[in-house]
Amino acid sequence: SNLAQQVCRRLAGARKVARQKNRPVKAFKGGFATYDSRIFSFREKDWTVSLTTVEGRERFELAIGRYQREQLAGSNPKSATLVKRKDGSYFIQICVEAEPSPPQGTDRVLGVDLGRTDIAHTSEGDNWNGQQLNKVRDHHSRLRAVLQRKASKGTRSSRRRCRELLQRLSGKERRFQAWVNHRISKAIVSRAKATNSAIALEDLTGIRERVNQQPRSKAERRRANSWAFYQLRQFLEYKALRAGVALILVPPAYTSQTCHRCLH
């Protein structure tokens, strides 16, 4: 009954989000199951989890690394998500609650300027160029266009192979973008914590709508719409909260200029 209640809860949540975004509900995709404290438990002495299944309670040994063991050590997790991968293997995502560190008091600020040429440029001179990311995005755009054209006009076997290849490539560009943003955000937060500084970040809310009002080519519009500044901001927010670093959002106007006095 508890498993059935979790299914109803997730289905109701999915329909509520779809209604808020004005999207039709076509189907409910499986592949994962949520667990709460009534049907899930973790035991540290032998690194196992106990899960309620349709055939009764089962205990499974965790195959995890040192980092995961450090996060789970001494904790009492009360929820988890069981995920079935495409290859048939199972992963469990355990939710560990932790109190964030109090923000450190400081009068130093590390400014972060966001852009497309440089994904992020700090006031201390560190920058992460976006040329590689643009190349990856352009490559995937061209590849999708070729495969979609062949999937609609090729022979029957070629159409099937193109659809299979499109499905295999699905999400690859998104995962690469997330990896880049994770790497950048981790470096910025580590630098701010090492220098006892707060982080000042541009608030670029609504920039995509403002940019798209200008006359642009199809390729430039695609590159503008594929910005992931909000994802980078989310990564910075939770990493800074965890490290005890204050993060301040500032208006983007005139933040990309050099001071005529101090040349910063």
# chains A, B, ... in the order shown; residues from 1 in each chain; ligands from 1
>>> select_by_dssp(residues="segment 8-128 of chain A", states="alpha helix (DSSP H)", output="PyMOL selection string")
chain A and resi 8-20+66-72
>>> write_last_selection(atoms="C-alpha atoms", output="PDB file, in the first residue's frame")
ATOM      1  CA  CYS A   8      -0.251   8.301  -6.608  1.00  0.00           C
ATOM      2  CA  ARG A   9       1.765  11.101  -5.052  1.00  0.00           C
ATOM      3  CA  ARG A  10       4.262  11.300  -7.921  1.00  0.00           C
ATOM      4  CA  LEU A  11       1.517  11.093 -10.527  1.00  0.00           C
ATOM      5  CA  ALA A  12      -0.459  13.877  -8.856  1.00  0.00           C
ATOM      6  CA  GLY A  13       2.688  16.011  -8.642  1.00  0.00           C
ATOM      7  CA  ALA A  14       3.454  15.454 -12.344  1.00  0.00           C
ATOM      8  CA  ARG A  15      -0.083  16.413 -13.365  1.00  0.00           C
ATOM      9  CA  LYS A  16       0.042  19.519 -11.186  1.00  0.00           C
ATOM     10  CA  VAL A  17       3.288  20.695 -12.805  1.00  0.00           C
ATOM     11  CA  ALA A  18       1.904  19.981 -16.277  1.00  0.00           C
ATOM     12  CA  ARG A  19      -1.217  21.998 -15.479  1.00  0.00           C
ATOM     13  CA  GLN A  20       0.871  24.924 -14.228  1.00  0.00           C
ATOM     14  CA  ARG A  66      34.762   6.640  -0.511  1.00  0.00           C
ATOM     15  CA  TYR A  67      33.017   9.975  -1.164  1.00  0.00           C
ATOM     16  CA  GLN A  68      29.552   8.425  -0.804  1.00  0.00           C
ATOM     17  CA  ARG A  69      30.609   6.630   2.400  1.00  0.00           C
ATOM     18  CA  GLU A  70      31.843   9.918   3.881  1.00  0.00           C
ATOM     19  CA  GLN A  71      28.502  11.582   3.114  1.00  0.00           C
ATOM     20  CA  LEU A  72      26.485   8.707   4.603  1.00  0.00           C
TER      21      LEU A  72
END
>>> residues_around(residues="segment 175-177 of chain A", least_positions_apart="4", cutoff="12 Å", atoms="only C-alpha atoms", output="list in words")
Ile119, Gly130, Gln132, Leu133, Asn134, Lys135, Val136, Arg137, His140, Leu169, Ser170, Gly171, Asn181, His182, Arg183, Ile184, Ser226, Trp227, Ala228, Phe229, Tyr230, Gln231 and Leu232 of chain A
>>> atom_distance(atom1="atom CA of Val96 of chain A", atom2="atom CA of Leu247 of chain A")
23.2 Å
>>> residues_around(residues="Thr81 of chain A", least_positions_apart="3", cutoff="10 Å", atoms="only C-alpha atoms", output="JSON, numbers by chain")
{"A": [32, 33, 34, 35, 36, 40, 84, 91, 92, 93, 94, 95]}
>>> write_last_selection(atoms="C-alpha atoms", output="PDB file, in the first residue's frame")
ATOM      1  CA  PHE A  32      11.983   5.107 -10.769  1.00  0.00           C
ATOM      2  CA  ALA A  33      10.302   4.694  -7.405  1.00  0.00           C
ATOM      3  CA  THR A  34      10.407   6.992  -4.387  1.00  0.00           C
ATOM      4  CA  TYR A  35      10.868   5.691  -0.847  1.00  0.00           C
ATOM      5  CA  ASP A  36      10.217   7.332   2.501  1.00  0.00           C
ATOM      6  CA  PHE A  40      13.325   2.526   3.324  1.00  0.00           C
ATOM      7  CA  LYS A  84      16.278   1.859 -13.251  1.00  0.00           C
ATOM      8  CA  PHE A  91      20.819   2.898  -8.760  1.00  0.00           C
ATOM      9  CA  ILE A  92      19.565   4.299  -5.492  1.00  0.00           C
ATOM     10  CA  GLN A  93      19.753   8.006  -4.763  1.00  0.00           C
ATOM     11  CA  ILE A  94      19.778   8.537  -0.993  1.00  0.00           C
ATOM     12  CA  CYS A  95      18.790  11.953   0.371  1.00  0.00           C
TER      13      CYS A  95
END
>>> atom_distance(atom1="atom CA of Val250 of chain A", atom2="atom CA of Arg191 of chain A")
19.4 Å
>>> select_by_dssp(residues="segment 7-211 of chain A", states="strand (DSSP E)", output="VMD selection string")
chain A and resid 32 to 35 40 to 43 48 to 53 56 to 61 79 to 84 90 to 95 109 to 114 118 to 122 127 to 129 198 to 202
>>> residues_around(residues="segment 164-168 of chain A", least_positions_apart="4", cutoff="12 Å", atoms="only C-alpha atoms", output="PyMOL selection string")
chain A and resi 86-87+140-141+143-151+157-160+172-173
>>> atom_distance(atom1="atom CA of Trp179 of chain A", atom2="atom CA of Lys239 of chain A")
14.3 Å
